[in-house]
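Have a look at input_15.cif; it's mmCIF, C-alpha atoms:
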```
data_query
#
loop_
_atom_site.group_PDB
_atom_site.id
_atom_site.type_symbol
_atom_site.label_atom_id
_atom_site.label_comp_id
_atom_site.auth_asym_id
_atom_site.auth_seq_id
_atom_site.Cartn_x
_atom_site.Cartn_y
_atom_site.Cartn_z
ATOM 1 C CA MET I 253 181.351 158.193 100.802
ATOM 2 C CA THR I 254 180.536 154.820 102.389
ATOM 3 C CA VAL I 255 178.602 154.267 105.592
ATOM 4 C CA ASN I 256 181.726 152.909 107.286
ATOM 5 C CA THR I 257 183.656 156.030 106.371
ATOM 6 C CA MET I 258 180.912 158.268 107.719
ATOM 7 C CA VAL I 259 180.792 156.244 110.950
ATOM 8 C CA ARG I 260 184.564 156.616 111.243
ATOM 9 C CA HIS I 261 184.308 160.399 110.771
ATOM 10 C CA LEU I 262 181.535 160.602 113.359
ATOM 11 C CA ARG I 263 183.588 158.544 115.820
ATOM 12 C CA GLU I 264 186.592 160.822 115.294
ATOM 13 C CA GLY I 265 184.414 163.894 115.794
ATOM 14 C CA CYS I 266 183.162 162.488 119.106
ATOM 15 C CA LYS I 267 186.727 161.719 120.180
ATOM 16 C CA ASN I 268 187.764 165.277 119.374
ATOM 17 C CA ILE I 269 184.977 166.595 121.606
ATOM 18 C CA ALA I 270 186.100 164.334 124.478
ATOM 19 C CA ARG I 271 189.779 165.215 124.027
ATOM 20 C CA ASN I 272 189.190 168.957 124.256
ATOM 21 C CA GLY I 273 187.490 168.652 127.642
ATOM 22 C CA TRP I 274 187.155 172.126 129.090
ATOM 23 C CA MET I 275 187.198 173.867 125.726
ATOM 24 C CA THR I 276 184.320 171.672 124.605
ATOM 25 C CA PHE I 277 182.457 172.476 127.818
ATOM 26 C CA ALA I 278 183.156 176.185 127.376
ATOM 27 C CA SER I 279 181.968 176.177 123.760
ATOM 28 C CA VAL I 280 178.812 174.168 124.480
ATOM 29 C CA SER I 281 178.069 176.423 127.450
ATOM 30 C CA ALA I 282 178.575 179.536 125.330
ATOM 31 C CA VAL I 283 176.349 178.157 122.590
ATOM 32 C CA THR I 284 173.748 177.189 125.211
ATOM 33 C CA VAL I 285 173.657 180.681 126.685
ATOM 34 C CA THR I 286 173.680 182.249 123.228
ATOM 35 C CA LEU I 287 170.862 180.068 121.889
ATOM 36 C CA LEU I 288 168.851 180.592 125.068
ATOM 37 C CA LEU I 289 169.047 184.339 124.493
ATOM 38 C CA VAL I 290 168.256 183.823 120.809
ATOM 39 C CA GLY I 291 165.259 181.682 121.793
ATOM 40 C CA ILE I 292 163.955 184.298 124.224
ATOM 41 C CA PHE I 293 164.323 187.025 121.606
ATOM 42 C CA LEU I 294 162.604 184.803 119.020
ATOM 43 C CA VAL I 295 159.643 184.187 121.326
ATOM 44 C CA ILE I 296 159.335 187.894 122.104
ATOM 45 C CA MET I 297 159.843 189.030 118.507
ATOM 46 C CA MET I 298 157.448 186.476 116.983
ATOM 47 C CA ASN I 299 154.720 187.346 119.493
ATOM 48 C CA LEU I 300 155.390 191.053 118.987
ATOM 49 C CA ASN I 301 155.248 190.538 115.232
ATOM 50 C CA ASN I 302 151.948 188.656 115.590
ATOM 51 C CA PHE I 303 150.550 191.481 117.731
ATOM 52 C CA ALA I 304 151.803 194.101 115.271
ATOM 53 C CA THR I 305 150.321 192.198 112.325
ATOM 54 C CA THR I 306 146.971 191.965 114.111
ATOM 55 C CA VAL I 307 146.998 195.700 114.822
ATOM 56 C CA GLU I 308 148.105 196.481 111.260
ATOM 57 C CA GLU I 309 145.243 194.426 109.847
ATOM 58 C CA ASP I 310 142.811 196.530 111.902
ATOM 59 C CA VAL I 311 144.164 199.800 110.512
ATOM 60 C CA GLU I 312 141.669 201.288 108.090
ATOM 61 C CA ILE I 313 140.873 204.583 106.431
ATOM 62 C CA ARG I 314 137.443 206.045 107.081
ATOM 63 C CA VAL I 315 136.471 208.436 104.308
ATOM 64 C CA HIS I 316 133.630 210.703 105.467
ATOM 65 C CA ILE I 317 131.572 211.762 102.451
ATOM 66 C CA ASP I 318 130.399 215.339 101.983
ATOM 67 C CA PRO I 319 126.665 215.410 102.874
ATOM 68 C CA ILE I 320 125.802 217.466 99.775
ATOM 69 C CA ALA I 321 127.137 214.739 97.439
ATOM 70 C CA ASN I 322 124.407 212.959 95.461
ATOM 71 C CA GLU I 323 124.228 209.208 94.828
ATOM 72 C CA ALA I 324 126.078 209.390 91.515
ATOM 73 C CA GLN I 325 128.901 211.434 93.049
ATOM 74 C CA ILE I 326 129.185 208.992 95.960
ATOM 75 C CA LYS I 327 129.526 206.058 93.540
ATOM 76 C CA GLU I 328 132.095 207.957 91.474
ATOM 77 C CA LEU I 329 134.120 208.634 94.642
ATOM 78 C CA GLY I 330 134.079 204.913 95.484
ATOM 79 C CA GLN I 331 135.326 204.059 91.982
ATOM 80 C CA ARG I 332 138.166 206.585 92.252
ATOM 81 C CA ILE I 333 139.242 205.116 95.571
ATOM 82 C CA LYS I 334 139.202 201.580 94.119
ATOM 83 C CA ARG I 335 141.442 202.689 91.263
ATOM 84 C CA ILE I 336 144.263 203.603 93.679
ATOM 85 C CA SER I 337 146.856 200.848 93.174
ATOM 86 C CA GLU I 338 147.648 200.463 96.896
ATOM 87 C CA VAL I 339 143.983 199.935 97.856
ATOM 88 C CA ASP I 340 142.845 196.396 98.656
ATOM 89 C CA GLN I 341 139.239 196.745 99.869
ATOM 90 C CA VAL I 342 136.592 199.463 99.755
ATOM 91 C CA ALA I 343 133.292 199.117 101.619
ATOM 92 C CA PHE I 344 130.420 201.604 101.807
ATOM 93 C CA SER I 345 128.770 202.242 105.182
ATOM 94 C CA SER I 346 125.690 204.482 105.305
ATOM 95 C CA LYS I 347 125.170 206.955 108.123
ATOM 96 C CA GLU I 348 122.383 204.708 109.423
ATOM 97 C CA GLN I 349 124.791 201.768 109.614
ATOM 98 C CA GLU I 350 127.349 203.980 111.332
ATOM 99 C CA LEU I 351 124.838 204.962 113.995
ATOM 100 C CA GLU I 352 123.837 201.338 114.547
ATOM 101 C CA GLU I 353 127.507 200.421 115.058
ATOM 102 C CA ILE I 354 127.890 203.159 117.667
ATOM 103 C CA ILE I 355 124.765 202.036 119.511
ATOM 104 C CA LYS I 356 125.954 198.409 119.444
ATOM 105 C CA SER I 357 129.494 199.275 120.627
ATOM 106 C CA PHE I 358 128.187 201.005 123.758
ATOM 107 C CA GLY I 359 125.964 198.098 124.784
ATOM 108 C CA GLU I 360 123.221 199.089 127.237
ATOM 109 C CA GLU I 361 124.456 202.679 127.310
ATOM 110 C CA GLY I 362 124.070 202.847 123.538
ATOM 111 C CA LYS I 363 120.320 203.196 123.884
ATOM 112 C CA ALA I 364 120.938 206.844 124.694
ATOM 113 C CA PHE I 365 121.804 207.379 121.017
ATOM 114 C CA GLU I 366 118.487 205.988 119.792
ATOM 115 C CA SER I 367 117.071 209.519 119.732
ATOM 116 C CA LEU I 368 119.562 210.477 116.994
ATOM 117 C CA LYS I 369 117.881 208.219 114.447
ATOM 118 C CA SER I 370 115.356 210.897 113.510
ATOM 119 C CA GLU I 371 118.077 213.491 112.807
ATOM 120 C CA ASN I 372 121.231 211.503 112.171
ATOM 121 C CA PRO I 373 124.280 213.861 112.384
ATOM 122 C CA LEU I 374 126.718 211.262 111.045
ATOM 123 C CA ARG I 375 128.067 210.952 107.490
ATOM 124 C CA ASP I 376 128.097 208.188 104.936
ATOM 125 C CA VAL I 377 131.516 206.554 104.987
ATOM 126 C CA TYR I 378 133.835 204.554 102.754
ATOM 127 C CA VAL I 379 135.946 202.126 104.784
ATOM 128 C CA VAL I 380 139.233 201.537 102.966
ATOM 129 C CA LYS I 381 141.935 198.937 103.601
ATOM 130 C CA THR I 382 145.307 199.008 101.874
ATOM 131 C CA LYS I 383 147.316 196.048 100.550
ATOM 132 C CA ASP I 384 150.220 197.072 102.771
ATOM 133 C CA PRO I 385 149.023 198.585 106.091
ATOM 134 C CA GLN I 386 152.101 200.815 106.210
ATOM 135 C CA MET I 387 150.874 202.537 103.035
ATOM 136 C CA THR I 388 147.790 203.782 104.918
ATOM 137 C CA PRO I 389 149.037 207.381 105.506
ATOM 138 C CA THR I 390 150.069 207.723 101.845
ATOM 139 C CA VAL I 391 146.720 206.476 100.535
ATOM 140 C CA ALA I 392 144.836 208.682 103.020
ATOM 141 C CA LYS I 393 146.618 211.779 101.683
ATOM 142 C CA LYS I 394 145.627 210.856 98.113
ATOM 143 C CA ILE I 395 141.959 210.381 99.076
ATOM 144 C CA GLU I 396 141.888 213.699 100.952
ATOM 145 C CA LYS I 397 142.347 215.507 97.619
ATOM 146 C CA PHE I 398 139.303 213.889 95.994
ATOM 147 C CA GLU I 399 136.063 215.796 95.473
ATOM 148 C CA ASN I 400 133.118 215.137 97.825
ATOM 149 C CA VAL I 401 135.425 214.089 100.672
ATOM 150 C CA GLU I 402 134.601 215.926 103.889
ATOM 151 C CA ARG I 403 137.447 214.436 105.944
ATOM 152 C CA VAL I 404 139.653 211.356 106.182
ATOM 153 C CA ASN I 405 140.436 209.573 109.438
ATOM 154 C CA TYR I 406 142.873 206.710 109.967
ATOM 155 C CA GLY I 407 144.233 207.435 113.444
ATOM 156 C CA GLN I 408 146.663 210.083 112.256
ATOM 157 C CA GLY I 409 149.729 210.371 114.438
ATOM 158 C CA THR I 410 149.073 207.173 116.362
ATOM 159 C CA VAL I 411 149.332 204.928 113.307
ATOM 160 C CA GLU I 412 152.651 206.433 112.195
ATOM 161 C CA LYS I 413 154.091 205.991 115.709
ATOM 162 C CA LEU I 414 152.874 202.380 115.786
ATOM 163 C CA PHE I 415 154.511 201.539 112.459
ATOM 164 C CA LYS I 416 157.742 203.265 113.520
ATOM 165 C CA PHE I 417 157.823 201.336 116.803
ATOM 166 C CA VAL I 418 157.150 198.003 115.045
ATOM 167 C CA ASN I 419 159.874 198.580 112.439
ATOM 168 C CA ILE I 420 162.464 199.649 115.032
ATOM 169 C CA SER I 421 161.608 196.665 117.269
ATOM 170 C CA ARG I 422 161.933 194.217 114.377
ATOM 171 C CA ASN I 423 165.276 195.666 113.273
ATOM 172 C CA ILE I 424 166.703 195.669 116.817
ATOM 173 C CA GLY I 425 165.549 192.081 117.366
ATOM 174 C CA ILE I 426 167.095 190.867 114.107
ATOM 175 C CA GLY I 427 170.344 192.716 114.899
ATOM 176 C CA LEU I 428 170.618 191.210 118.382
ATOM 177 C CA ILE I 429 169.888 187.691 117.142
ATOM 178 C CA LEU I 430 172.485 187.951 114.363
ATOM 179 C CA GLY I 431 175.046 189.325 116.835
ATOM 180 C CA LEU I 432 174.486 186.419 119.224
ATOM 181 C CA VAL I 433 174.702 183.867 116.424
ATOM 182 C CA PHE I 434 178.025 185.243 115.162
ATOM 183 C CA THR I 435 179.399 185.235 118.728
ATOM 184 C CA ALA I 436 178.604 181.530 119.074
ATOM 185 C CA MET I 437 180.149 180.837 115.656
ATOM 186 C CA PHE I 438 183.373 182.536 116.787
ATOM 187 C CA LEU I 439 183.532 180.461 119.987
ATOM 188 C CA ILE I 440 183.044 177.149 118.187
ATOM 189 C CA SER I 441 185.552 178.210 115.547
ATOM 190 C CA ASN I 442 188.179 178.720 118.274
ATOM 191 C CA THR I 443 187.496 175.268 119.738
ATOM 192 C CA ILE I 444 187.933 173.606 116.339
ATOM 193 C CA LYS I 445 191.101 175.660 115.796
ATOM 194 C CA ILE I 446 192.651 174.312 119.009
ATOM 195 C CA THR I 447 191.766 170.770 117.935
ATOM 196 C CA ILE I 448 193.440 171.287 114.579
ATOM 197 C CA MET I 449 196.569 172.769 116.152
ATOM 198 C CA ALA I 450 196.825 169.869 118.615
ATOM 199 C CA ARG I 451 196.483 167.264 115.868
ATOM 200 C CA ARG I 452 198.623 168.947 113.219
ATOM 201 C CA ARG I 453 201.264 166.181 113.286
ATOM 202 C CA GLU I 454 198.615 163.464 112.990
ATOM 203 C CA ILE I 455 197.101 165.352 110.066
ATOM 204 C CA GLU I 456 200.499 165.532 108.341
ATOM 205 C CA ILE I 457 200.915 161.747 108.705
ATOM 206 C CA MET I 458 197.402 161.145 107.317
ATOM 207 C CA ARG I 459 198.254 163.313 104.363
ATOM 208 C CA LEU I 460 201.526 161.442 103.724
ATOM 209 C CA VAL I 461 199.690 158.114 103.558
ATOM 210 C CA GLY I 462 197.294 159.482 100.957
ATOM 211 C CA ALA I 463 194.284 160.829 102.912
ATOM 212 C CA THR I 464 192.295 163.365 100.891
ATOM 213 C CA ASN I 465 191.471 166.859 102.101
ATOM 214 C CA ALA I 466 187.793 165.928 102.477
ATOM 215 C CA PHE I 467 188.675 162.809 104.510
ATOM 216 C CA ILE I 468 190.673 164.947 106.951
ATOM 217 C CA ARG I 469 188.126 167.736 107.168
ATOM 218 C CA TRP I 470 184.975 165.661 107.748
ATOM 219 C CA PRO I 471 185.628 164.852 111.453
ATOM 220 C CA PHE I 472 186.013 168.559 112.187
ATOM 221 C CA PHE I 473 182.775 169.382 110.394
ATOM 222 C CA LEU I 474 180.937 166.736 112.384
ATOM 223 C CA GLU I 475 182.557 167.952 115.597
ATOM 224 C CA GLY I 476 181.230 171.443 114.949
ATOM 225 C CA LEU I 477 177.792 170.047 114.120
ATOM 226 C CA LEU I 478 177.701 168.048 117.359
ATOM 227 C CA LEU I 479 178.846 171.028 119.435
ATOM 228 C CA GLY I 480 176.094 173.171 117.942
ATOM 229 C CA VAL I 481 173.343 170.586 118.444
ATOM 230 C CA MET I 482 174.518 169.817 122.003
ATOM 231 C CA GLY I 483 174.403 173.522 122.798
ATOM 232 C CA ALA I 484 170.770 173.670 121.565
ATOM 233 C CA VAL I 485 169.414 170.934 123.865
ATOM 234 C CA ILE I 486 169.077 172.934 127.107
ATOM 235 C CA PRO I 487 167.670 176.092 125.392
ATOM 236 C CA VAL I 488 165.042 173.961 123.625
ATOM 237 C CA VAL I 489 163.954 172.317 126.899
ATOM 238 C CA LEU I 490 163.820 175.657 128.737
ATOM 239 C CA ILE I 491 161.985 177.455 125.933
ATOM 240 C CA LEU I 492 159.364 174.679 125.582
ATOM 241 C CA SER I 493 158.703 174.413 129.319
ATOM 242 C CA GLY I 494 158.886 178.180 129.914
ATOM 243 C CA TYR I 495 156.541 179.106 127.068
ATOM 244 C CA SER I 496 154.115 176.355 128.078
ATOM 245 C CA TYR I 497 153.920 177.853 131.573
ATOM 246 C CA ILE I 498 153.557 181.419 130.288
ATOM 247 C CA TYR I 499 150.875 180.449 127.773
ATOM 248 C CA ASP I 500 148.820 178.423 130.281
ATOM 249 C CA THR I 501 149.123 181.165 132.923
ATOM 250 C CA PHE I 502 148.520 184.345 130.928
ATOM 251 C CA GLN I 503 146.514 183.421 127.831
ATOM 252 C CA PRO I 504 143.233 182.878 129.784
ATOM 253 C CA LYS I 505 143.646 186.378 131.256
ATOM 254 C CA LEU I 506 144.226 187.855 127.794
ATOM 255 C CA ALA I 507 141.360 185.993 126.121
ATOM 256 C CA ASN I 508 139.079 189.040 125.945
ATOM 257 C CA THR I 509 141.764 191.543 124.964
ATOM 258 C CA PHE I 510 143.382 192.433 121.646
ATOM 259 C CA VAL I 511 146.727 191.079 122.923
ATOM 260 C CA GLN I 512 146.972 187.381 122.093
ATOM 261 C CA LEU I 513 149.890 184.971 122.554
ATOM 262 C CA LEU I 514 150.750 182.594 119.743
ATOM 263 C CA PRO I 515 149.349 179.083 120.450
ATOM 264 C CA PHE I 516 151.893 176.757 122.097
ATOM 265 C CA ASN I 517 151.473 174.192 119.338
ATOM 266 C CA PRO I 518 152.919 174.609 116.735
ATOM 267 C CA PHE I 519 154.689 177.856 117.741
ATOM 268 C CA ALA I 520 156.930 176.485 120.532
ATOM 269 C CA TYR I 521 157.970 173.504 118.416
ATOM 270 C CA GLN I 522 158.769 175.802 115.503
ATOM 271 C CA VAL I 523 161.042 177.837 117.802
ATOM 272 C CA ALA I 524 162.667 174.598 119.035
ATOM 273 C CA PHE I 525 163.330 173.497 115.455
ATOM 274 C CA ILE I 526 164.785 176.915 114.606
ATOM 275 C CA LEU I 527 167.127 176.775 117.625
ATOM 276 C CA VAL I 528 168.393 173.287 116.699
ATOM 277 C CA ALA I 529 168.861 174.413 113.087
ATOM 278 C CA ILE I 530 170.727 177.547 114.207
ATOM 279 C CA GLY I 531 172.882 175.444 116.549
ATOM 280 C CA ALA I 532 173.749 173.019 113.755
ATOM 281 C CA PHE I 533 174.458 175.884 111.349
ATOM 282 C CA ILE I 534 176.625 177.694 113.901
ATOM 283 C CA GLY I 535 178.632 174.519 114.519
ATOM 284 C CA VAL I 536 179.180 173.640 110.859
ATOM 285 C CA TRP I 537 179.974 177.214 109.851
ATOM 286 C CA GLY I 538 182.332 177.731 112.788
ATOM 287 C CA SER I 539 184.103 174.514 111.861
ATOM 288 C CA LEU I 540 184.259 175.547 108.212
ATOM 289 C CA MET I 541 185.884 178.879 109.076
ATOM 290 C CA SER I 542 188.511 177.175 111.226
ATOM 291 C CA VAL I 543 189.308 174.481 108.699
ATOM 292 C CA ARG I 544 189.674 176.933 105.843
ATOM 293 C CA LYS I 545 191.902 179.253 107.813
ATOM 294 C CA PHE I 546 194.022 176.925 109.923
ATOM 295 C CA LEU I 547 194.044 173.500 108.264
ATOM 296 C CA LYS I 548 196.701 173.676 105.595
ATOM 297 C CA VAL I 549 196.347 170.474 103.643
#
```
Can you give me the file's structure in the form of structure tokens?
Amino acid sequence: MTVNTMVRHLREGCKNIARNGWMTFASVSAVTVTLLLVGIFLVIMMNLNNFATTVEEDVEIRVHIDPIANEAQIKELGQRIKRISEVDQVAFSSKEQELEEIIKSFGEEGKAFESLKSENPLRDVYVVKTKDPQMTPTVAKKIEKFENVERVNYGQGTVEKLFKFVNISRNIGIGLILGLVFTAMFLISNTIKITIMARRREIEIMRLVGATNAFIRWPFFLEGLLLGVMGAVIPVVLILSGYSYIYDTFQPKLANTFVQLLPFNPFAYQVAFILVAIGAFIGVWGSLMSVRKFLKV
């Protein structure tokens, strides 16, 4: 295909958009609203996913060792834990180290625990991390059955609820985004269909003079592409400006908490690129569906 031919197709696609007037406006508006909702869900879901990933990475299994176990038995227990296929890291923490961590975590008030150093009531511990955080409960149950294990703690109950909430949230978010995308595809498909119906006679003449199927279809593909990209402009502007405001306003207040927003750059620009790509895809695919179904050439 030559440059002149492509320019001609692009010009025809632009003319089609202008000719359809209100239908074009309705489709672009629908795509704008749809992509704005998609963008909002993307921002929420990606930040939620980042938060969930951060929390998941902090999930660990603390294996409290039986105090009557000797050094050889403690080492053997560590080796058995390492041999579990789902285990990623195993670190030993003595009861003295455990007490120091408690004292440090309480700051000034931690000095009250200094008296426990002479008769330390804590246990030596193996700190275990799994390759997949969601395998934590399964691995914990395996370790519980090992000899010289007094108890296993990984936040039972809370961890399972967290993973369930994260999985449900991700699935709902993906479902809503896909539903919105298909709605926009349907709207653009209808606009292209009206264009094809209105120009059916012109298409028949083009076919009689020898125009190929591809030559006739290209303007409609480009029209769909333009509609999709046009519909992405306003959502991109609103998402970039809105997230910039939210990040500048709330991130300083969250700086000392475990809840952290994704940095504006490159996150916001990644979302903008995704929205433009989705808009373009929606337009092309909507056009493709219309052409295949209603353009009989």
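Between I:Thr390 and the candidates I:Ala343, I:Thr464, I:Ile429, I:Glu338, the tightest atom-to-atom separation, counting all atoms listed in the file, involves I:Glu338.
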message = Take the PyMOL selection byres ((chain I and resi 537) around 10), run it mentally on this structure, and tell me the resulting residues as an MDAnalysis selection string.
response = chainID I and resid 434 437:438 440:441 473 476:477 480 531:536 538:543
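For I:Val307, the non-local neighbours within 9 Å, defined as residues at least 4 positions apart in the same chain or in other chains and counting all atoms listed in the file, are Asn302, Phe303, Val311, Leu414 and Phe510 of chain I.
For the point (153.7, 202.4, 109.4), the residues with at least one atom inside 7 Å, counting only C-alpha atoms, are Pro385, Gln386, Met387, Val411, Glu412, Leu414, Phe415 and Lys416 of chain I.
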ask   = Could you work out how far atom CA of I:Ala278 lies from atom CA of I:Leu439, giving the answer in Å with one decimal?
value = 8.5 Å
request  = Write out as a VMD selection string which residues come within 9 Å of stretch 288-299 of chain I when counting all atoms listed in the file, dropping same-chain ones fewer than 4 positions away.
outcome  = chain I and resid 283 to 284 303 to 304 421 to 422 425 to 426 428 to 430 432 to 433 484 486 to 488 490 to 491 495 512 to 514 519 to 520 523 to 524 526 to 527
The PyMOL selection byres ((chain I and resi 345) around 8) applied to the shown file, residues as a list in words = Ala343, Phe344, Ser346, Lys347, Gln349, Glu350, Asp376, Val377, Tyr378 and Val379 of chain I
Expected file: the selected residues, C-alpha atoms, as an mmCIF file, in the coordinates of the input:
```
data_model
loop_
_atom_site.group_PDB
_atom_site.id
_atom_site.type_symbol
_atom_site.label_atom_id
_atom_site.label_comp_id
_atom_site.auth_asym_id
_atom_site.auth_seq_id
_atom_site.Cartn_x
_atom_site.Cartn_y
_atom_site.Cartn_z
ATOM 1 C CA ALA I 343 133.292 199.117 101.619
ATOM 2 C CA PHE I 344 130.420 201.604 101.807
ATOM 3 C CA SER I 346 125.690 204.482 105.305
ATOM 4 C CA LYS I 347 125.170 206.955 108.123
ATOM 5 C CA GLN I 349 124.791 201.768 109.614
ATOM 6 C CA GLU I 350 127.349 203.980 111.332
ATOM 7 C CA ASP I 376 128.097 208.188 104.936
ATOM 8 C CA VAL I 377 131.516 206.554 104.987
ATOM 9 C CA TYR I 378 133.835 204.554 102.754
ATOM 10 C CA VAL I 379 135.946 202.126 104.784
#
```
inquiry  = Given the point (144.4, 196.3, 94.4) in the coordinates of this file, which residues lie within 12 Å, counting all atoms listed in the file, and how would they look as a VMD selection string?
reply    = chain I and resid 333 to 342 380 to 384
Restricting the output to C-alpha atoms, write the selected residues as a PDB file, in the frame of the given file.
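As a result, again_31.pdb now contains:
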```pdb
ATOM      1  CA  ILE I 333     139.242 205.116  95.571  1.00  0.00           C
ATOM      2  CA  LYS I 334     139.202 201.580  94.119  1.00  0.00           C
ATOM      3  CA  ARG I 335     141.442 202.689  91.263  1.00  0.00           C
ATOM      4  CA  ILE I 336     144.263 203.603  93.679  1.00  0.00           C
ATOM      5  CA  SER I 337     146.856 200.848  93.174  1.00  0.00           C
ATOM      6  CA  GLU I 338     147.648 200.463  96.896  1.00  0.00           C
ATOM      7  CA  VAL I 339     143.983 199.935  97.856  1.00  0.00           C
ATOM      8  CA  ASP I 340     142.845 196.396  98.656  1.00  0.00           C
ATOM      9  CA  GLN I 341     139.239 196.745  99.869  1.00  0.00           C
ATOM     10  CA  VAL I 342     136.592 199.463  99.755  1.00  0.00           C
ATOM     11  CA  VAL I 380     139.233 201.537 102.966  1.00  0.00           C
ATOM     12  CA  LYS I 381     141.935 198.937 103.601  1.00  0.00           C
ATOM     13  CA  THR I 382     145.307 199.008 101.874  1.00  0.00           C
ATOM     14  CA  LYS I 383     147.316 196.048 100.550  1.00  0.00           C
ATOM     15  CA  ASP I 384     150.220 197.072 102.771  1.00  0.00           C
TER      16      ASP I 384
END
```
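With atom CA of I:Gly330 on one side and atom CA of I:Lys413 on the other, the separation reads 28.5 Å.
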key: Residue neighbourhood I:Leu329, 9 Å, all atoms listed in the file, exclusion window fewer than 4 positions, as a ChimeraX atom specification   = /I:317,324-325,333-334,398-401
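Interatomic distance, atom CA of I:Glu312 against atom CA of I:Lys505: 27.6 Å.
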Quick one: contact table of stretch 286-333 of chain I to stretch 391-395 of chain I, 9 Å max, nearest atom pair and distance in Å to one decimal per residue, counting only C-alpha atoms, chain and number order, as a Markdown table?
```
| residue | atom | partner | partner_atom | distance |
| --- | --- | --- | --- | --- |
| I:Ile313 | CA | I:Ala392 | CA | 6.6 |
| I:Arg314 | CA | I:Ala392 | CA | 8.8 |
| I:Val315 | CA | I:Ile395 | CA | 7.8 |
| I:Arg332 | CA | I:Ile395 | CA | 8.7 |
| I:Ile333 | CA | I:Ile395 | CA | 6.9 |
```
